[in-house]
Structure formats: structure tokens, C-alpha cells
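Shown next: start-v4.pdb, given as PDB, C-alpha atoms and all ligand atoms.
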ATOM      1  CA  MET A   1      14.559  33.392  74.590  1.00  0.00           C
ATOM      2  CA  LEU A   2      13.284  33.715  71.025  1.00  0.00           C
ATOM      3  CA  GLU A   3      15.608  34.493  68.162  1.00  0.00           C
ATOM      4  CA  TYR A   4      14.480  36.056  64.890  1.00  0.00           C
ATOM      5  CA  LYS A   5      16.373  35.577  61.631  1.00  0.00           C
ATOM      6  CA  VAL A   6      15.789  37.703  58.545  1.00  0.00           C
ATOM      7  CA  ASP A   7      16.491  36.048  55.192  1.00  0.00           C
ATOM      8  CA  ASP A   8      17.227  32.840  57.061  1.00  0.00           C
ATOM      9  CA  LYS A   9      19.372  30.660  54.793  1.00  0.00           C
ATOM     10  CA  THR A  10      19.588  27.937  57.448  1.00  0.00           C
ATOM     11  CA  LEU A  11      15.878  27.078  57.210  1.00  0.00           C
ATOM     12  CA  CYS A  12      15.384  23.635  55.692  1.00  0.00           C
ATOM     13  CA  ALA A  13      12.281  22.110  54.145  1.00  0.00           C
ATOM     14  CA  GLN A  14      11.837  19.536  56.898  1.00  0.00           C
ATOM     15  CA  GLN A  15      11.720  22.200  59.609  1.00  0.00           C
ATOM     16  CA  PHE A  16       9.248  24.274  57.602  1.00  0.00           C
ATOM     17  CA  ILE A  17       7.023  21.258  56.955  1.00  0.00           C
ATOM     18  CA  GLU A  18       6.989  20.356  60.666  1.00  0.00           C
ATOM     19  CA  LEU A  19       5.781  23.878  61.449  1.00  0.00           C
ATOM     20  CA  ALA A  20       3.231  23.952  58.631  1.00  0.00           C
ATOM     21  CA  GLN A  21       1.871  20.518  59.598  1.00  0.00           C
ATOM     22  CA  GLN A  22       0.988  21.821  63.051  1.00  0.00           C
ATOM     23  CA  VAL A  23      -0.799  24.878  61.678  1.00  0.00           C
ATOM     24  CA  TRP A  24      -2.334  23.559  58.421  1.00  0.00           C
ATOM     25  CA  PRO A  25      -2.000  19.757  58.311  1.00  0.00           C
ATOM     26  CA  GLY A  26      -1.461  18.589  54.745  1.00  0.00           C
ATOM     27  CA  ASP A  27       0.623  16.547  52.357  1.00  0.00           C
ATOM     28  CA  TYR A  28       3.668  18.797  51.789  1.00  0.00           C
ATOM     29  CA  ASP A  29       6.087  17.639  49.115  1.00  0.00           C
ATOM     30  CA  PRO A  30       9.637  18.034  50.524  1.00  0.00           C
ATOM     31  CA  GLU A  31      11.282  18.778  47.171  1.00  0.00           C
ATOM     32  CA  LYS A  32       8.680  21.379  46.161  1.00  0.00           C
ATOM     33  CA  THR A  33       8.913  22.919  49.635  1.00  0.00           C
ATOM     34  CA  ARG A  34      12.698  23.146  49.297  1.00  0.00           C
ATOM     35  CA  ARG A  35      12.395  24.872  45.911  1.00  0.00           C
ATOM     36  CA  ALA A  36       9.713  27.249  47.187  1.00  0.00           C
ATOM     37  CA  LEU A  37      11.832  28.251  50.197  1.00  0.00           C
ATOM     38  CA  GLU A  38      14.753  29.002  47.880  1.00  0.00           C
ATOM     39  CA  ARG A  39      12.665  31.582  46.035  1.00  0.00           C
ATOM     40  CA  THR A  40      11.402  33.541  49.019  1.00  0.00           C
ATOM     41  CA  ILE A  41      12.888  35.766  51.713  1.00  0.00           C
ATOM     42  CA  ASN A  42      12.226  33.714  54.825  1.00  0.00           C
ATOM     43  CA  ILE A  43      11.883  35.405  58.196  1.00  0.00           C
ATOM     44  CA  THR A  44      11.940  32.921  61.044  1.00  0.00           C
ATOM     45  CA  ALA A  45      11.388  32.764  64.802  1.00  0.00           C
ATOM     46  CA  TRP A  46      13.282  30.131  66.775  1.00  0.00           C
ATOM     47  CA  ASP A  47      12.969  28.862  70.326  1.00  0.00           C
ATOM     48  CA  GLY A  48      16.348  27.177  70.630  1.00  0.00           C
ATOM     49  CA  THR A  49      16.465  24.743  67.739  1.00  0.00           C
ATOM     50  CA  GLU A  50      12.688  24.670  67.273  1.00  0.00           C
ATOM     51  CA  LEU A  51      11.144  26.684  64.454  1.00  0.00           C
ATOM     52  CA  VAL A  52       8.117  28.365  66.055  1.00  0.00           C
ATOM     53  CA  GLY A  53       7.187  30.938  63.410  1.00  0.00           C
ATOM     54  CA  CYS A  54       7.848  31.813  59.793  1.00  0.00           C
ATOM     55  CA  LEU A  55       6.811  34.524  57.339  1.00  0.00           C
ATOM     56  CA  ARG A  56       7.811  34.315  53.701  1.00  0.00           C
ATOM     57  CA  ILE A  57       8.104  37.246  51.273  1.00  0.00           C
ATOM     58  CA  LEU A  58       7.856  36.661  47.517  1.00  0.00           C
ATOM     59  CA  THR A  59       8.853  39.818  45.650  1.00  0.00           C
ATOM     60  CA  ASP A  60      10.068  40.918  42.197  1.00  0.00           C
ATOM     61  CA  GLY A  61      12.312  43.387  43.992  1.00  0.00           C
ATOM     62  CA  CYS A  62      10.954  46.462  42.184  1.00  0.00           C
ATOM     63  CA  PHE A  63       7.182  46.678  41.905  1.00  0.00           C
ATOM     64  CA  PHE A  64       5.274  43.973  43.691  1.00  0.00           C
ATOM     65  CA  GLY A  65       5.502  41.446  46.462  1.00  0.00           C
ATOM     66  CA  THR A  66       3.288  39.184  48.478  1.00  0.00           C
ATOM     67  CA  ILE A  67       3.295  37.196  51.682  1.00  0.00           C
ATOM     68  CA  PRO A  68       2.545  33.556  50.801  1.00  0.00           C
ATOM     69  CA  GLU A  69       1.886  32.780  54.474  1.00  0.00           C
ATOM     70  CA  VAL A  70       2.586  33.659  58.101  1.00  0.00           C
ATOM     71  CA  LEU A  71       2.685  30.687  60.452  1.00  0.00           C
ATOM     72  CA  VAL A  72       3.096  30.541  64.217  1.00  0.00           C
ATOM     73  CA  LEU A  73       2.992  27.256  66.151  1.00  0.00           C
ATOM     74  CA  PRO A  74      -0.357  27.014  67.989  1.00  0.00           C
ATOM     75  CA  ARG A  75       1.235  26.909  71.462  1.00  0.00           C
ATOM     76  CA  TYR A  76       3.239  30.056  70.664  1.00  0.00           C
ATOM     77  CA  GLN A  77       0.334  32.090  69.267  1.00  0.00           C
ATOM     78  CA  ARG A  78      -0.922  35.312  70.906  1.00  0.00           C
ATOM     79  CA  GLN A  79       2.540  36.075  72.290  1.00  0.00           C
ATOM     80  CA  GLY A  80       3.522  38.720  69.737  1.00  0.00           C
ATOM     81  CA  ILE A  81       5.536  36.467  67.399  1.00  0.00           C
ATOM     82  CA  GLY A  82       3.347  37.050  64.338  1.00  0.00           C
ATOM     83  CA  SER A  83       3.501  40.809  64.936  1.00  0.00           C
ATOM     84  CA  ALA A  84       7.299  40.678  65.227  1.00  0.00           C
ATOM     85  CA  LEU A  85       7.516  38.735  61.944  1.00  0.00           C
ATOM     86  CA  LEU A  86       5.317  41.354  60.235  1.00  0.00           C
ATOM     87  CA  ARG A  87       7.459  44.208  61.603  1.00  0.00           C
ATOM     88  CA  LEU A  88      10.599  42.529  60.243  1.00  0.00           C
ATOM     89  CA  ALA A  89       8.855  41.988  56.893  1.00  0.00           C
ATOM     90  CA  LYS A  90       8.060  45.697  56.722  1.00  0.00           C
ATOM     91  CA  GLN A  91      11.708  46.546  57.413  1.00  0.00           C
ATOM     92  CA  THR A  92      12.983  43.991  54.883  1.00  0.00           C
ATOM     93  CA  THR A  93      10.713  44.104  51.859  1.00  0.00           C
ATOM     94  CA  PRO A  94      11.890  46.173  48.883  1.00  0.00           C
ATOM     95  CA  THR A  95       8.315  46.463  47.593  1.00  0.00           C
ATOM     96  CA  LEU A  96       4.746  46.878  48.671  1.00  0.00           C
ATOM     97  CA  LEU A  97       3.273  43.611  49.932  1.00  0.00           C
ATOM     98  CA  TYR A  98      -0.218  42.688  48.780  1.00  0.00           C
ATOM     99  CA  PHE A  99      -1.704  39.502  50.216  1.00  0.00           C
ATOM    100  CA  GLY A 100      -4.881  37.639  51.021  1.00  0.00           C
ATOM    101  CA  ALA A 101      -5.967  37.065  54.606  1.00  0.00           C
ATOM    102  CA  GLN A 102      -7.837  34.180  56.155  1.00  0.00           C
ATOM    103  CA  PRO A 103     -10.985  35.681  57.747  1.00  0.00           C
ATOM    104  CA  GLN A 104      -9.822  34.704  61.247  1.00  0.00           C
ATOM    105  CA  ALA A 105      -6.504  36.507  60.686  1.00  0.00           C
ATOM    106  CA  GLU A 106      -8.025  39.853  59.639  1.00  0.00           C
ATOM    107  CA  PRO A 107      -7.881  41.363  63.177  1.00  0.00           C
ATOM    108  CA  PHE A 108      -4.203  40.360  63.341  1.00  0.00           C
ATOM    109  CA  TYR A 109      -3.342  42.291  60.162  1.00  0.00           C
ATOM    110  CA  GLU A 110      -5.491  45.286  61.134  1.00  0.00           C
ATOM    111  CA  LYS A 111      -3.863  45.450  64.564  1.00  0.00           C
ATOM    112  CA  ASN A 112      -0.478  45.536  62.841  1.00  0.00           C
ATOM    113  CA  GLY A 113      -1.261  48.525  60.657  1.00  0.00           C
ATOM    114  CA  CYS A 114      -2.040  46.691  57.407  1.00  0.00           C
ATOM    115  CA  THR A 115      -4.820  48.338  55.437  1.00  0.00           C
ATOM    116  CA  PRO A 116      -7.630  46.698  53.472  1.00  0.00           C
ATOM    117  CA  SER A 117      -6.865  46.748  49.758  1.00  0.00           C
ATOM    118  CA  LEU A 118      -8.266  45.565  46.436  1.00  0.00           C
ATOM    119  CA  ARG A 119     -10.413  42.468  46.484  1.00  0.00           C
ATOM    120  CA  ALA A 120      -8.385  39.427  45.408  1.00  0.00           C
ATOM    121  CA  PHE A 121      -9.088  36.946  42.601  1.00  0.00           C
ATOM    122  CA  GLU A 122      -7.239  33.763  41.732  1.00  0.00           C
ATOM    123  CA  MET A 123      -6.457  31.947  38.487  1.00  0.00           C
ATOM    124  CA  ARG A 124      -5.286  28.353  38.518  1.00  0.00           C
ATOM    125  CA  PRO A 125      -2.844  26.994  35.933  1.00  0.00           C
ATOM    126  CA  GLU A 126      -4.187  24.800  33.094  1.00  0.00           C
ATOM    127  CA  GLU A 127      -4.008  21.094  33.854  1.00  0.00           C
TER     128      GLU A 127
HETATM  129  C1  LIG B 201      -2.407  34.661  62.459  1.00  0.00           C
HETATM  130  C2  LIG B 201      -1.106  34.366  63.228  1.00  0.00           C
HETATM  131  C3  LIG B 201       0.064  34.392  62.255  1.00  0.00           C
HETATM  132  C4  LIG B 201      -0.928  35.461  64.292  1.00  0.00           C
HETATM  133  O1  LIG B 201       0.303  35.254  64.968  1.00  0.00           O
HETATM  134  P1  LIG B 201       0.400  35.483  66.546  1.00  0.00           P
HETATM  135  O2  LIG B 201       1.818  35.358  66.942  1.00  0.00           O
HETATM  136  O3  LIG B 201      -0.580  34.616  67.226  1.00  0.00           O
HETATM  137  O4  LIG B 201      -0.105  37.012  66.634  1.00  0.00           O
HETATM  138  P2  LIG B 201       0.241  38.113  67.756  1.00  0.00           P
HETATM  139  O5  LIG B 201       0.425  37.473  69.086  1.00  0.00           O
HETATM  140  O6  LIG B 201       1.337  38.963  67.252  1.00  0.00           O
HETATM  141  O7  LIG B 201      -1.149  38.905  67.762  1.00  0.00           O
HETATM  142  C5  LIG B 201      -1.215  40.306  67.720  1.00  0.00           C
HETATM  143  C6  LIG B 201      -2.657  40.726  67.746  1.00  0.00           C
HETATM  144  O8  LIG B 201      -3.338  40.267  66.567  1.00  0.00           O
HETATM  145  C7  LIG B 201      -4.671  39.895  66.929  1.00  0.00           C
HETATM  146  N1  LIG B 201      -4.854  38.460  66.715  1.00  0.00           N
HETATM  147  C8  LIG B 201      -3.905  37.524  66.555  1.00  0.00           C
HETATM  148  N2  LIG B 201      -4.458  36.312  66.350  1.00  0.00           N
HETATM  149  C9  LIG B 201      -5.790  36.496  66.405  1.00  0.00           C
HETATM  150  C10 LIG B 201      -6.910  35.633  66.274  1.00  0.00           C
HETATM  151  N3  LIG B 201      -6.762  34.311  66.020  1.00  0.00           N
HETATM  152  N4  LIG B 201      -8.156  36.145  66.381  1.00  0.00           N
HETATM  153  C11 LIG B 201      -8.321  37.474  66.618  1.00  0.00           C
HETATM  154  N5  LIG B 201      -7.301  38.350  66.755  1.00  0.00           N
HETATM  155  C12 LIG B 201      -6.057  37.873  66.641  1.00  0.00           C
HETATM  156  C13 LIG B 201      -4.858  40.240  68.391  1.00  0.00           C
HETATM  157  O9  LIG B 201      -5.356  41.570  68.454  1.00  0.00           O
HETATM  158  C14 LIG B 201      -3.451  40.159  68.914  1.00  0.00           C
HETATM  159  O10 LIG B 201      -3.231  40.958  70.033  1.00  0.00           O
HETATM  160  P3  LIG B 201      -3.629  40.417  71.501  1.00  0.00           P
HETATM  161  O11 LIG B 201      -3.125  39.007  71.621  1.00  0.00           O
HETATM  162  O12 LIG B 201      -2.958  41.396  72.389  1.00  0.00           O
HETATM  163  O13 LIG B 201      -5.125  40.501  71.540  1.00  0.00           O
HETATM  164  C15 LIG B 201      -1.152  33.000  63.982  1.00  0.00           C
HETATM  165  O14 LIG B 201      -2.275  32.992  64.839  1.00  0.00           O
HETATM  166  C16 LIG B 201      -1.231  31.803  63.060  1.00  0.00           C
HETATM  167  O15 LIG B 201      -0.216  31.249  62.658  1.00  0.00           O
HETATM  168  N6  LIG B 201      -2.466  31.398  62.726  1.00  0.00           N
HETATM  169  C17 LIG B 201      -2.680  30.245  61.863  1.00  0.00           C
HETATM  170  C18 LIG B 201      -2.205  30.489  60.460  1.00  0.00           C
HETATM  171  C19 LIG B 201      -2.847  31.716  59.848  1.00  0.00           C
HETATM  172  O16 LIG B 201      -4.050  31.924  59.915  1.00  0.00           O
HETATM  173  N7  LIG B 201      -1.997  32.543  59.210  1.00  0.00           N
HETATM  174  C20 LIG B 201      -2.420  33.732  58.537  1.00  0.00           C
HETATM  175  C21 LIG B 201      -2.906  33.336  57.202  1.00  0.00           C
HETATM  176  S1  LIG B 201      -3.618  34.711  56.308  1.00  0.00           S
END
Go ahead and express the file in the form of C-alpha cells.
Ligand SMILES: CC(C)(COP(=O)(O)OP(=O)(O)OC[C@H]1O[C@@H](n2cnc3c(N)ncnc32)[C@H](O)[C@@H]1OP(=O)(O)O)[C@@H](O)C(=O)NCCC(=O)NCCS
Amino acid sequence: MLEYKVDDKTLCAQQFIELAQQVWPGDYDPEKTRRALERTINITAWDGTELVGCLRILTDGCFFGTIPEVLVLPRYQRQGIGSALLRLAKQTTPTLLYFGAQPQAEPFYEKNGCTPSLRAFEMRPEE
């Protein structure tokens, strides 16, 4: 039985990194991950003690917010978990959420009622 937690303060960096590693393998810095998680509203899906999905909301609380990422463990995908996380995000966010989508995830967002918006650009900080 899956359990969803909104604004999950119990989520720790190690659990998030274990999930992220299985979706997007990479070199995640534990301290930076901890600080990042502190600054976002984290919506989680748990199967017992295993973190199987996570959506983070980064918002200024008044005007603008974004979803840094939605992650579902590969063996739990296509079972409605991502959609449930998005529904909870819609109920929770104080602001509009504007976010980029990986091309393969576009059908997922469209199916969940998200609408195409302005084209995105990025600017990287000076070295
Ligand atoms: C994208 C992701 C979050 C979706 O989560 P999920 O739990 O698998 O999604 P759901 O089961 O709620 O899917 C709902 C619907 O979205 C669509 N969908 C989901 N994943 C899809 C995919 N990979 N390709 C095409 N359509 C997809 C389907 O229409 C699906 O309904 P169906 O299974 O009845 O056909 C998950 O696949 C994931 O973590 N992917 C890797 C990371 C990623 O790409 N994140 C998004 C970054 S922008």
C-alpha cells in the first residue's frame, strides 16, 4: 500500500539520492542535496520504508513556482504514481507552476491537464 506525504519533512538526502540514482544516475553531492531539499516543498510516495516517487515544488509563495523534477522509480512507473504526485502538487502549490519537460515526459504532463506554455531559456551562473 503506497503512502503519499505532502511537504514531507522526514525525507533525507540519502533517500532522495538513492531514488535519483535509479532514474538519472549521477554524482549527487549529499550536502548540496540536503540544502536543496530544505528549500523545496517535497511531495513523496512511499512503499513501506522505500521512497518510490518524489516531486519537488520551488515557489516564491506569491507569484511564481516551478517543479525542479518529478521522479518515479523505474519499476513503479506507469502505475499512476507520477499523476498522483502532480495532483497533490496542484492542491498544494500557492502559485502557478512553470517548468520544463523532458521530451519523453510530454505525454505524461499533457495527460495530467498541464498546458504547453512559453518556450524556456536557461542562463548559467558565471564561473
Ligand atoms: C515521467 C514520470 C514522472 C511519470 O510517472 P509515472 O508514475 O510513470 O506516470 P503515470 O503512471 O502517472 O502515467 C500517467 C500517464 O502519463 C503518460 N505517460 C507516463 N509516462 C510515459 C512515458 N514514458 N511515455 C509516454 N507516456 C507516458 C501515459 O499516458 C500514462 O498513462 P497510461 O500508463 O495509462 O498510458 C516517470 O516516468 C519518471 O520518473 N520518468 C523518469 C524521470 C522523468 O522523465 N521525469 C520527468 C522530467 S520532466
ask   = How many Å lie between atom P3 of ligand LIG 201 (chain B) and atom CA of A:Leu73, rounded to one decimal?
value =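 According to the coordinates, atom P3 of ligand LIG 201 (chain B) and atom CA of A:Leu73 are separated by 15.7 Å.
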Surrounding residues of A:Pro74 excluding itself and chain neighbours under 4 positions, 9 Å, all atoms listed in the file, as a ChimeraX atom specification = /A:22-23,52,78
inquiry  = Could you list, as a count of residues only, all protein and nucleic acid residues with an atom at most 12 Å from ligand LIG 201 (chain B), counting all atoms listed in the file?
reply    = 53
inquiry  = Nearest residue to A:Phe16 out of A:Thr92, A:Glu3, A:Gly65, A:Asn42, using all atoms listed in the file?
reply    =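 Residue with the minimum atom-to-atom distance to A:Phe16: A:Asn42.
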request  = Decode the PyMOL selection byres (((chain A and resi 36) around 12) and not hetatm) for the given file into explicit residues and return them as a list of chain:residue names.
outcome  =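 This file, filtered by the PyMOL selection byres (((chain A and resi 36) around 12) and not hetatm), leaves A:Leu11, A:Cys12, A:Ala13, A:Phe16, A:Ile17, A:Tyr28, A:Asp29, A:Pro30, A:Glu31, A:Lys32, A:Thr33, A:Arg34, A:Arg35, A:Leu37, A:Glu38, A:Arg39, A:Thr40, A:Ile41, A:Asn42, A:Arg56, A:Ile57, A:Leu58, A:Pro68.
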Resulting file, chosen residues, C-alpha atoms, as a short mmCIF file (atom, residue, chain, number, x, y, z; two decimals), keeping the file's coordinate frame:
data_model
loop_
_atom_site.label_atom_id
_atom_site.label_comp_id
_atom_site.auth_asym_id
_atom_site.auth_seq_id
_atom_site.Cartn_x
_atom_site.Cartn_y
_atom_site.Cartn_z
CA LEU A 11 15.88 27.08 57.21
CA CYS A 12 15.38 23.64 55.69
CA ALA A 13 12.28 22.11 54.14
CA PHE A 16 9.25 24.27 57.60
CA ILE A 17 7.02 21.26 56.96
CA TYR A 28 3.67 18.80 51.79
CA ASP A 29 6.09 17.64 49.12
CA PRO A 30 9.64 18.03 50.52
CA GLU A 31 11.28 18.78 47.17
CA LYS A 32 8.68 21.38 46.16
CA THR A 33 8.91 22.92 49.64
CA ARG A 34 12.70 23.15 49.30
CA ARG A 35 12.40 24.87 45.91
CA LEU A 37 11.83 28.25 50.20
CA GLU A 38 14.75 29.00 47.88
CA ARG A 39 12.66 31.58 46.04
CA THR A 40 11.40 33.54 49.02
CA ILE A 41 12.89 35.77 51.71
CA ASN A 42 12.23 33.71 54.82
CA ARG A 56 7.81 34.32 53.70
CA ILE A 57 8.10 37.25 51.27
CA LEU A 58 7.86 36.66 47.52
CA PRO A 68 2.54 33.56 50.80
#
Which residue of A:Phe64, A:Met123, A:Ile43, A:Met1 approaches A:Leu88 most closely, using all atoms listed in the file =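 Checking each of A:Phe64, A:Met123, A:Ile43, A:Met1 against A:Leu88, counting all atoms listed in the file, the winner is A:Ile43.
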Straight-line distance linking atom CA of A:Lys90 with atom CA of A:Leu51, stated in Å to one decimal =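 One can read the atom CA of A:Lys90 to atom CA of A:Leu51 distance as 20.8 Å.
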Point-to-point distance from atom CA of A:Thr59 to atom CA of A:Val6, Å rounded to tenths =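 Going from atom CA of A:Thr59 over to atom CA of A:Val6 covers 14.8 Å.
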inquiry  = Using all atoms listed in the file, can you tell me which of A:Ala120, A:Glu50, A:Gly61, A:Glu127 comes closest to A:Gln14?
reply    =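 Once distances to A:Gln14 are computed over all atoms listed in the file, the minimum belongs to A:Glu50.
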